Structures are given as C-alpha cells and as structure tokens.
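protein-v1.tsv follows (TSV, C-alpha atoms and all ligand atoms):
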```tsv
chain	number	residue	atom	x	y	z
A	1	MET	CA	0.00	0.00	0.00
A	2	ALA	CA	1.28	3.49	-0.87
A	3	ARG	CA	2.53	5.57	2.03
A	4	THR	CA	1.05	9.00	2.70
A	5	VAL	CA	3.37	11.78	3.85
A	6	ALA	CA	1.68	14.84	5.38
A	7	ILE	CA	3.54	18.15	5.36
A	8	LEU	CA	1.99	20.26	8.12
A	9	GLY	CA	2.53	23.95	7.44
A	10	GLY	CA	3.31	22.83	3.90
A	11	THR	CA	2.21	26.13	2.33
A	12	GLY	CA	5.49	27.81	3.42
A	13	PRO	CA	8.80	27.66	1.56
A	14	GLU	CA	10.33	24.77	3.55
A	15	GLY	CA	7.19	22.61	3.44
A	16	THR	CA	6.51	23.31	-0.24
A	17	GLY	CA	10.12	22.44	-1.06
A	18	LEU	CA	9.92	19.15	0.83
A	19	ALA	CA	6.55	18.34	-0.77
A	20	ASN	CA	8.11	19.02	-4.16
A	21	ARG	CA	11.03	16.65	-3.52
A	22	LEU	CA	8.97	13.89	-1.88
A	23	ALA	CA	6.32	13.93	-4.62
A	24	ARG	CA	8.99	13.77	-7.32
A	25	ALA	CA	10.40	10.75	-5.48
A	26	GLY	CA	7.00	9.04	-5.86
A	27	GLU	CA	5.53	9.58	-2.37
A	28	HIS	CA	1.84	10.36	-1.94
A	29	VAL	CA	1.95	13.82	-0.34
A	30	VAL	CA	-0.75	15.75	1.53
A	31	ILE	CA	-0.09	19.39	2.31
A	32	GLY	CA	-1.59	20.60	5.59
A	33	SER	CA	-2.49	24.16	6.48
A	34	ARG	CA	-4.58	26.09	8.99
A	35	ASP	CA	-6.74	26.83	5.95
A	36	ALA	CA	-7.74	23.83	3.78
A	37	GLN	CA	-8.25	25.99	0.71
A	38	ARG	CA	-4.74	27.44	0.99
A	39	ALA	CA	-3.39	23.89	1.16
A	40	GLN	CA	-5.38	22.84	-1.91
A	41	GLU	CA	-4.06	25.82	-3.87
A	42	ALA	CA	-0.47	25.05	-2.86
A	43	ALA	CA	-0.99	21.41	-3.90
A	44	LYS	CA	-2.42	22.47	-7.27
A	45	ARG	CA	0.58	24.74	-7.96
A	46	LEU	CA	2.95	21.86	-7.21
A	47	ARG	CA	0.99	19.41	-9.37
A	48	GLU	CA	1.20	21.85	-12.28
A	49	GLN	CA	4.89	22.44	-11.66
A	50	ILE	CA	5.84	18.77	-11.42
A	51	GLY	CA	3.37	17.33	-13.94
A	52	GLY	CA	2.90	13.66	-14.67
A	53	SER	CA	0.91	11.52	-12.28
A	54	THR	CA	2.13	13.41	-9.20
A	55	GLN	CA	0.05	12.62	-6.12
A	56	ILE	CA	-0.25	15.81	-4.05
A	57	GLY	CA	-3.37	16.87	-2.22
A	58	GLY	CA	-4.15	19.59	0.29
A	59	THR	CA	-6.32	19.80	3.40
A	60	ASP	CA	-6.37	21.21	6.93
A	61	ASN	CA	-3.57	20.17	9.31
A	62	ALA	CA	-5.77	17.86	11.41
A	63	SER	CA	-7.12	15.91	8.42
A	64	ALA	CA	-3.62	15.63	6.96
A	65	ALA	CA	-2.26	14.32	10.29
A	66	ALA	CA	-5.10	11.79	10.55
A	67	GLN	CA	-4.49	10.19	7.15
A	68	CYS	CA	-0.68	9.95	7.06
A	69	GLU	CA	1.92	7.36	8.03
A	70	VAL	CA	4.66	10.02	8.14
A	71	ALA	CA	4.12	13.68	9.04
A	72	VAL	CA	6.66	16.46	8.56
A	73	LEU	CA	6.28	19.53	10.79
A	74	THR	CA	7.22	22.69	8.87
A	75	VAL	CA	5.56	25.42	10.93
A	76	PRO	CA	7.48	28.22	12.68
A	77	PHE	CA	8.72	27.34	16.17
A	78	SER	CA	6.32	29.90	17.65
A	79	GLY	CA	3.34	27.90	16.32
A	80	LEU	CA	4.56	24.38	17.10
A	81	THR	CA	3.17	23.90	20.60
A	82	ALA	CA	-0.32	25.14	19.76
A	83	LEU	CA	-0.43	23.00	16.62
A	84	LEU	CA	0.61	19.80	18.42
A	85	LYS	CA	-1.89	20.43	21.21
A	86	GLN	CA	-4.60	20.79	18.59
A	87	LEU	CA	-3.53	17.53	16.89
A	88	LYS	CA	-3.15	15.45	20.04
A	89	THR	CA	-6.07	13.12	19.22
A	90	ALA	CA	-5.68	13.24	15.43
A	91	TRP	CA	-2.74	10.87	14.92
A	92	LYS	CA	-2.98	7.19	13.98
A	93	PRO	CA	-0.88	4.90	16.19
A	94	GLY	CA	2.46	4.16	14.50
A	95	THR	CA	2.73	7.52	12.74
A	96	ILE	CA	6.25	8.91	12.52
A	97	VAL	CA	6.52	12.67	12.98
A	98	ILE	CA	9.57	14.43	11.54
A	99	ASP	CA	10.27	17.86	13.01
A	100	THR	CA	12.14	20.37	10.82
A	101	THR	CA	11.57	23.27	13.21
A	102	VAL	CA	14.51	25.47	14.08
A	103	PRO	CA	13.92	27.47	17.29
A	104	LEU	CA	15.04	30.76	15.79
A	105	ALA	CA	14.58	33.86	17.93
A	106	ALA	CA	13.17	35.48	14.78
A	107	SER	CA	10.08	33.25	15.05
A	108	VAL	CA	9.08	35.16	18.20
A	109	GLY	CA	10.19	38.58	16.96
A	110	GLY	CA	13.85	38.27	18.02
A	111	ALA	CA	17.12	38.56	16.11
A	112	PRO	CA	17.46	36.36	13.01
A	113	THR	CA	20.90	35.16	14.09
A	114	ARG	CA	19.94	33.98	17.61
A	115	MET	CA	18.54	30.63	18.72
A	116	LEU	CA	16.04	30.28	21.55
A	117	GLY	CA	16.85	27.98	24.44
A	118	VAL	CA	14.39	25.08	24.50
A	119	TRP	CA	13.83	23.66	27.94
A	120	GLN	CA	13.65	20.03	26.74
A	121	GLY	CA	16.86	20.40	24.66
A	122	SER	CA	15.56	20.77	21.11
A	123	ALA	CA	12.35	21.59	19.25
A	124	ALA	CA	11.87	17.88	18.48
A	125	GLU	CA	12.27	16.91	22.14
A	126	ALA	CA	9.72	19.57	23.05
A	127	ALA	CA	7.40	18.18	20.36
A	128	ARG	CA	7.70	14.67	21.78
A	129	GLU	CA	6.02	15.87	24.98
A	130	LEU	CA	2.96	16.78	22.95
A	131	LEU	CA	2.58	13.56	20.99
A	132	PRO	CA	0.46	10.63	22.25
A	133	PRO	CA	2.07	7.25	23.03
A	134	GLY	CA	2.64	5.18	19.90
A	135	VAL	CA	3.58	8.15	17.73
A	136	GLY	CA	7.31	8.40	17.01
A	137	ILE	CA	9.36	11.56	16.57
A	138	ALA	CA	12.54	12.34	14.66
A	139	ALA	CA	14.35	15.58	13.91
A	140	ALA	CA	15.56	16.20	10.37
A	141	PHE	CA	16.04	18.65	7.49
A	142	HIS	CA	17.05	21.56	9.76
A	143	ASN	CA	20.00	22.43	7.57
A	144	LEU	CA	18.23	21.83	4.29
A	145	GLY	CA	17.36	25.27	2.92
A	146	ALA	CA	14.02	25.85	1.21
A	147	ALA	CA	15.84	27.51	-1.70
A	148	LEU	CA	17.66	24.28	-2.41
A	149	LEU	CA	14.51	22.20	-2.15
A	150	ALA	CA	12.54	24.40	-4.53
A	151	GLY	CA	14.79	23.82	-7.53
A	152	GLY	CA	18.13	22.46	-8.44
A	153	SER	CA	17.22	18.96	-9.61
A	154	GLN	CA	20.24	17.20	-11.03
A	155	PRO	CA	21.75	16.69	-13.47
A	156	MET	CA	21.13	20.36	-14.28
A	157	ALA	CA	21.59	21.71	-17.80
A	158	THR	CA	21.90	25.15	-19.34
A	159	LYS	CA	18.74	26.19	-21.18
A	160	ASP	CA	20.26	25.32	-24.56
A	161	GLY	CA	21.11	21.82	-23.29
A	162	ARG	CA	24.83	22.25	-23.95
A	163	LEU	CA	26.35	22.07	-20.44
A	164	TRP	CA	25.29	19.38	-17.96
A	165	LEU	CA	26.25	19.52	-14.29
A	166	THR	CA	26.20	17.02	-11.47
A	167	TYR	CA	27.28	18.44	-8.12
A	168	ASN	CA	27.42	17.97	-4.38
A	169	GLY	CA	28.31	20.67	-1.87
A	170	GLU	CA	27.65	24.30	-1.10
A	171	ILE	CA	29.03	27.49	-2.66
A	172	PHE	CA	28.93	30.01	0.18
A	173	ASN	CA	29.41	33.08	-2.03
A	174	HIS	CA	26.89	32.04	-4.68
A	175	VAL	CA	24.58	34.99	-4.03
A	176	ASP	CA	27.40	37.48	-4.84
A	177	LEU	CA	28.53	35.50	-7.89
A	178	ARG	CA	24.94	35.28	-9.07
A	179	LYS	CA	24.58	39.08	-9.24
A	180	ASP	CA	27.48	39.33	-11.74
A	181	LEU	CA	26.28	36.35	-13.75
A	182	GLU	CA	22.74	37.72	-14.00
A	183	ARG	CA	24.16	41.07	-15.11
A	184	ALA	CA	26.08	39.14	-17.79
A	185	GLY	CA	22.71	37.81	-19.04
A	186	HIS	CA	22.59	34.27	-17.67
A	187	PRO	CA	18.93	33.24	-17.27
A	188	TYR	CA	18.57	31.86	-13.72
A	189	GLN	CA	15.50	29.68	-13.11
A	190	THR	CA	16.08	28.65	-9.48
A	191	ARG	CA	17.58	30.19	-6.32
A	192	CYS	CA	20.05	27.36	-6.15
A	193	ASP	CA	23.86	27.53	-6.04
A	194	THR	CA	23.94	24.64	-8.54
A	195	GLU	CA	22.96	27.07	-11.27
A	196	THR	CA	25.77	29.43	-10.27
A	197	ILE	CA	28.37	26.74	-10.95
A	198	LEU	CA	26.84	26.09	-14.35
A	199	TYR	CA	26.74	29.73	-15.44
A	200	ALA	CA	30.11	30.61	-13.90
A	201	TYR	CA	31.61	27.79	-15.97
A	202	ARG	CA	29.85	29.04	-19.09
A	203	GLU	CA	31.15	32.56	-18.44
A	204	HIS	CA	34.69	31.83	-17.23
A	205	GLY	CA	35.44	28.22	-18.17
A	206	PRO	CA	37.73	26.17	-15.86
A	207	ARG	CA	38.89	29.43	-14.19
A	208	SER	CA	35.45	29.60	-12.54
A	209	VAL	CA	36.71	27.20	-9.85
A	210	THR	CA	38.94	29.97	-8.45
A	211	LEU	CA	35.79	32.05	-7.78
A	212	PHE	CA	34.01	29.47	-5.65
A	213	ARG	CA	34.24	29.72	-1.85
A	214	GLY	CA	32.89	26.62	-0.20
A	215	MET	CA	32.92	22.85	-0.37
A	216	PHE	CA	32.14	21.15	-3.61
A	217	SER	CA	32.68	18.27	-5.93
A	218	PHE	CA	31.27	18.45	-9.43
A	219	ALA	CA	31.49	17.39	-13.06
A	220	ILE	CA	30.38	19.37	-16.12
A	221	TRP	CA	29.80	17.73	-19.47
A	222	ASP	CA	30.06	20.01	-22.52
A	223	LYS	CA	27.90	18.31	-25.12
A	224	ASP	CA	29.18	20.39	-28.05
A	225	ARG	CA	32.87	20.09	-27.29
A	226	ARG	CA	32.49	16.59	-25.81
A	227	THR	CA	34.64	17.51	-22.82
A	228	LEU	CA	34.19	16.61	-19.17
A	229	PHE	CA	35.45	19.07	-16.55
A	230	CYS	CA	35.67	17.83	-12.95
A	231	ALA	CA	36.65	19.76	-9.83
A	232	ARG	CA	36.78	19.42	-6.09
A	233	ASP	CA	37.20	22.02	-3.30
A	234	ARG	CA	40.75	22.89	-2.29
A	235	LEU	CA	40.65	21.06	1.05
A	236	GLY	CA	38.92	18.00	-0.37
A	237	ILE	CA	36.00	18.30	2.04
A	238	LYS	CA	33.61	16.81	-0.52
A	239	PRO	CA	34.69	13.39	-1.77
A	240	PHE	CA	34.99	12.73	-5.46
A	241	TYR	CA	34.70	9.15	-6.70
A	242	TYR	CA	34.55	8.34	-10.35
A	243	TYR	CA	34.24	5.37	-12.62
A	244	TRP	CA	35.19	5.45	-16.28
A	245	ASP	CA	34.99	2.56	-18.71
A	246	GLY	CA	35.61	4.58	-21.86
A	247	ASP	CA	31.89	5.08	-22.34
A	248	LEU	CA	30.13	5.64	-19.04
A	249	PHE	CA	31.06	8.19	-16.36
A	250	GLU	CA	29.53	7.86	-12.92
A	251	LYS	CA	30.52	9.74	-9.78
A	252	ARG	CA	28.50	7.98	-7.11
A	253	ARG	CA	30.11	5.72	-4.54
A	254	LYS	CA	27.51	3.05	-5.35
A	255	PHE	CA	29.21	2.37	-8.66
A	256	MET	CA	32.64	2.14	-7.07
A	257	ASP	CA	31.36	-0.44	-4.61
A	258	ALA	CA	29.52	-2.51	-7.23
B	301	LIG	N1	12.95	28.19	5.20
B	301	LIG	C1	14.04	27.41	5.30
B	301	LIG	O1	15.00	27.47	4.47
B	301	LIG	C2	14.15	26.40	6.43
B	301	LIG	C3	15.23	25.52	6.47
B	301	LIG	C4	15.29	24.58	7.48
B	301	LIG	C5	14.29	24.52	8.43
B	301	LIG	N2	13.26	25.41	8.38
B	301	LIG	C6	12.22	25.32	9.42
B	301	LIG	O2	11.02	24.91	8.77
B	301	LIG	C7	9.90	25.56	9.36
B	301	LIG	C8	9.13	26.27	8.26
B	301	LIG	O3	9.95	27.24	7.63
B	301	LIG	P1	9.29	28.25	6.58
B	301	LIG	O4	10.35	29.19	6.18
B	301	LIG	O5	8.55	27.49	5.53
B	301	LIG	O6	8.23	28.97	7.59
B	301	LIG	P2	6.98	29.93	7.38
B	301	LIG	O7	6.83	30.28	5.93
B	301	LIG	O8	7.08	31.05	8.35
B	301	LIG	O9	5.76	29.01	7.86
B	301	LIG	C9	5.37	27.85	7.20
B	301	LIG	C10	3.86	27.70	7.28
B	301	LIG	O10	3.47	27.49	8.63
B	301	LIG	C11	2.15	27.96	8.82
B	301	LIG	N3	2.14	28.79	10.02
B	301	LIG	C12	2.62	30.05	10.18
B	301	LIG	N4	2.46	30.47	11.45
B	301	LIG	C13	1.85	29.45	12.10
B	301	LIG	C14	1.39	29.27	13.42
B	301	LIG	N5	1.54	30.23	14.35
B	301	LIG	N6	0.78	28.11	13.75
B	301	LIG	C15	0.62	27.11	12.82
B	301	LIG	N7	1.02	27.24	11.54
B	301	LIG	C16	1.64	28.38	11.19
B	301	LIG	C17	1.79	28.78	7.58
B	301	LIG	O11	0.89	28.00	6.81
B	301	LIG	P3	-0.70	28.22	6.87
B	301	LIG	O12	-0.94	29.68	7.11
B	301	LIG	O13	-1.12	27.78	5.50
B	301	LIG	O14	-1.19	27.35	7.96
B	301	LIG	C18	3.09	28.91	6.84
B	301	LIG	O15	2.92	28.92	5.43
B	301	LIG	C19	10.45	26.52	10.41
B	301	LIG	O16	10.29	25.96	11.69
B	301	LIG	C20	11.91	26.67	10.06
B	301	LIG	O17	12.70	26.87	11.21
B	301	LIG	C21	13.15	26.34	7.40
```
Can you dump the structure from the file as structure tokens?
Amino acid sequence: MARTVAILGGTGPEGTGLANRLARAGEHVVIGSRDAQRAQEAAKRLREQIGGSTQIGGTDNASAAAQCEVAVLTVPFSGLTALLKQLKTAWKPGTIVIDTTVPLAASVGGAPTRMLGVWQGSAAEAARELLPPGVGIAAAFHNLGAALLAGGSQPMATKDGRLWLTYNGEIFNHVDLRKDLERAGHPYQTRCDTETILYAYREHGPRSVTLFRGMFSFAIWDKDRRTLFCARDRLGIKPFYYYWDGDLFEKRRKFMDA
C-alpha cells in the first residue's frame, strides 16, 4: 500500500520544497495548512509544476495528520506547541513525525541570528512531549534550505542543453557571484547555487573554480565540445569518486562499490 506523507505547514517555503522533492520521489503527499483551501491551492501549484501523475493533495492540518503514516512539521517554532496540542487526538498509532523546526529567535520577533533555548533540549524533544504514546518523533532537514529544495534537480543543464552539471556541496558566495552572472545575461531559473556553478563555468570556463568559496565536488559535461570538466574544493571536504569505462562516467560511490 502506498505511504502517505503529510507536510503540516506545507504552504510555506520549507514545506513546499519538501513536498516538491517527496512527490517527485514518488511519495503520496498531503499538504496541511490552517486553511484547507490554501493547502489545496499550494498542492495544485505543485501538481502543475511537477506534472505527470504526481500525487499531491491539500487539506487542513488535522485531516492531513489523521491520514498519514509520516508527518513532517514545517511550521514556525512559535506555532509548534499550539499545533501539536490541537492535533493530540488526530494521529494514527504508528505515525512517525519528523520535526524540521529550528527554534530561531526570529520566530518570536527576536534577532534572526539567535537561537532560543528550548527547555527540553531541542524543538523535536519539546514536540515529543505533545505527541500521544505510539507516535514516534525524529528531527531532520534543519539544515536543508528551502531555496535548495525548490529547484536544483540534477543533473542540471543550461537552457540550450549544452552544459550538464552534477554536483554535491555548497558554494557560500553564490549569491554574490549570481549578481554578476545575472548582469552578464545568464537566465537563472532557481535560487540554487547549482545554477551558479553552471553559469560561472559558461562565463569563465575552468577558471570559474577559483571564484568558488565553499565545499564542492562536481562534473560538467560540454555536449558540443564533448569535454568533461571535474573539480573538487581545495581542502577536499567533498569526496569525489569516479568510474570510467571509456563510455560511461559515474561519480557515485555506489558504482565504485559494485
Ligand atoms: N525556510 C528554510 O529554508 C528552512 C530551512 C530549514 C528549516 N526550516 C524550518 O522549517 C519551518 C518552516 O519554515 P518556513 O520558512 O517554511 O516557515 P513559514 O513560511 O514562516 O511558515 C510555514 C507555514 O506554517 C504555517 N504557520 C505560520 N504560522 C503558524 C502558526 N503560528 N501556527 C501554525 N502554523 C503556522 C503557515 O501555513 P498556513 O498559514 O497555511 O497554515 C506557513 O505557510 C520553520 O520551523 C523553520 O525553522 C526552514
């Protein structure tokens, strides 16, 4: 039987991004909201964006919680306690709840750079107090930015299909680099640093690597020139494995182990 994943607070950037990724991976996703209509509209936008036979629906948070096997909490920390109190009797036994909440001071009107102290230790440990017996809790996705979830599927290609990129890592100065690349006319379609690598390479060629600050490991295939350019960060933080049999290139560890 197909599993249903509910994304509570799924109308926001983090929840929509997770719904996008989970639905693309074939999960049956239900977006939850305080307003069922808002959830349905968010689900419709995602269905149109993803296409195919994507299974995404939308409903109020309590109905979403009641019908899922896995629920992901993507509401601001300030709303977490009230939401879990409201859902206390909604869950099915055996449901796994995944908490993405970061207790940022900003969620209660404080500074964006400060974290709130949580008496139980973490937002997920606080959430556990508000779940009935038989419902499990895990903490995850705290460091997974909504901008990354919204786009950046790989391999990523330039619009003309000439350059193809596969990449792992993070380019810390990608927002600054992006400004110059957009000024140079490169047509960004996501907010993702993956696109910055692609367009920096198109603009500067192999020299682009000297512009990147961060940790990365990537390969770019130039379809017209039939060249493959591979690079790794200076300290080798991101591993780079490759397999080459004269025909097929593959950078995942899985292939190396096979
Ligand atoms: N944004 C990121 O890059 C990122 C990364 C990692 C983790 N996170 C964590 O993920 C969570 C969501 O982040 P976000 O940026 O998507 O947040 P957000 O846009 O502020 O809120 C997400 C959704 O939560 C609902 N909501 C807002 N206030 C609420 C309240 N008081 N009670 C119940 N529901 C409420 C809203 O949906 P409805 O009005 O439709 O109910 C809203 O669309 C946060 O806890 C954040 O710390 C975010």
- Query: ligand LIG 301 (chain B): which residues are within 6 Å, counting only C-alpha atoms and all ligand atoms, as an NGL selection string?
  - Reply: :A and (9-15 or 33-35 or 38 or 74-79 or 83 or 100-102 or 141-146)
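Separating atom CA of A:Ala127 from atom CA of A:Glu41 is a distance of 27.9 Å.
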- Could you tell me how far atom CA of A:His174 lies from atom CA of A:Tyr201, in Å and to one decimal?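 Distance between the two atoms: 13.0 Å.
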- Using all atoms listed in the file, which residues sit within 12 Å of A:Arg183 once same-chain residues fewer than 5 positions away are excluded, as a PyMOL selection string? chain A and resi 176-178+188+199+203
- Taking only C-alpha atoms into account, which of A:Val29, A:Val175, A:Ala184, A:Val209 comes nearest A:Ala2?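 Between A:Val29, A:Val175, A:Ala184, A:Val209, the residue approaching A:Ala2 most closely is A:Val29.
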- Message: My list of candidates is A:Ser208, A:Thr196, A:Gln189, A:Thr4. Which is closest to A:Thr95 when distances are computed with only C-alpha atoms?
- Response: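 Closest residue, counting only C-alpha atoms: A:Thr4.
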- One residue among A:Leu8, A:Ala66, A:Leu228, A:Leu130 is nearest to A:Gly32 when using all atoms listed in the file, and that residue is A:Leu8
Do a neighbour search on A:Ala71 at 7 Å with only C-alpha atoms, toss out local chain neighbours closer than 6 positions, and write the hits as a JSON list (two decimals) with C-alpha atoms, in the coordinates of the input.
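See out33.json below for the written result:
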```json
[["chain", "number", "residue", "atom", "x", "y", "z"],
["A", 5, "VAL", "CA", 3.37, 11.78, 3.85],
["A", 6, "ALA", "CA", 1.68, 14.84, 5.38],
["A", 7, "ILE", "CA", 3.54, 18.15, 5.36],
["A", 8, "LEU", "CA", 1.99, 20.26, 8.12],
["A", 65, "ALA", "CA", -2.26, 14.32, 10.29],
["A", 96, "ILE", "CA", 6.25, 8.91, 12.52],
["A", 97, "VAL", "CA", 6.52, 12.67, 12.98],
["A", 98, "ILE", "CA", 9.57, 14.43, 11.54]]
```
- Please measure the separation of atom CA of A:Ile220 and atom CA of A:Arg234, giving the value in Å to one decimal.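 Atom CA of A:Ile220 sits 17.6 Å away from atom CA of A:Arg234.
The nearest approach to A:Phe229 among the residues A:Ala82, A:Glu182, A:Thr166, A:Gly134, with all atoms listed in the file taken into account, belongs to A:Thr166.
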- Task: Would you be able to write out as a PyMOL selection string which residues have an atom within 10 Å of (33.9, 26.5, -6.4) in the file's coordinates, counting only C-alpha atoms?
- Result: chain A and resi 169-174+196-197+200-201+207-218+231-234
- Near A:Leu116, within 7 Å and counting all atoms listed in the file, which residues show up once chain neighbours fewer than 5 positions away are dropped, as a ChimeraX atom specification? /A:103-105
- Message: Taking all atoms listed in the file into account, name the residue in A:Gly110, A:Gly17, A:Pro132, A:Gly117 that is nearest to A:Gly94.
- Response: A:Pro132
- Task: Excluding A:Arg3 and any residue of its chain fewer than 2 positions from it, enumerate the residues within 8 Å of it, using only C-alpha atoms, and give them as a PyMOL selection string.
- Result: chain A and resi 1+5+27-28+68-70
Written selection (C-alpha atoms) as a PDB file, in the coordinates of the input:
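Done, and the output landed in selection34.pdb:
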```pdb
ATOM      1  CA  MET A   1       0.000   0.000   0.000  1.00  0.00           C
ATOM      2  CA  VAL A   5       3.370  11.780   3.850  1.00  0.00           C
ATOM      3  CA  GLU A  27       5.530   9.580  -2.370  1.00  0.00           C
ATOM      4  CA  HIS A  28       1.840  10.360  -1.940  1.00  0.00           C
ATOM      5  CA  CYS A  68      -0.680   9.950   7.060  1.00  0.00           C
ATOM      6  CA  GLU A  69       1.920   7.360   8.030  1.00  0.00           C
ATOM      7  CA  VAL A  70       4.660  10.020   8.140  1.00  0.00           C
TER       8      VAL A  70
END
```
- Message: Counting only C-alpha atoms, which residue out of A:Gly58, A:Pro187, A:Gly205, A:Gly161 sits closest to A:Val30?
- Response: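 For A:Val30, the nearest of the candidates is A:Gly58.
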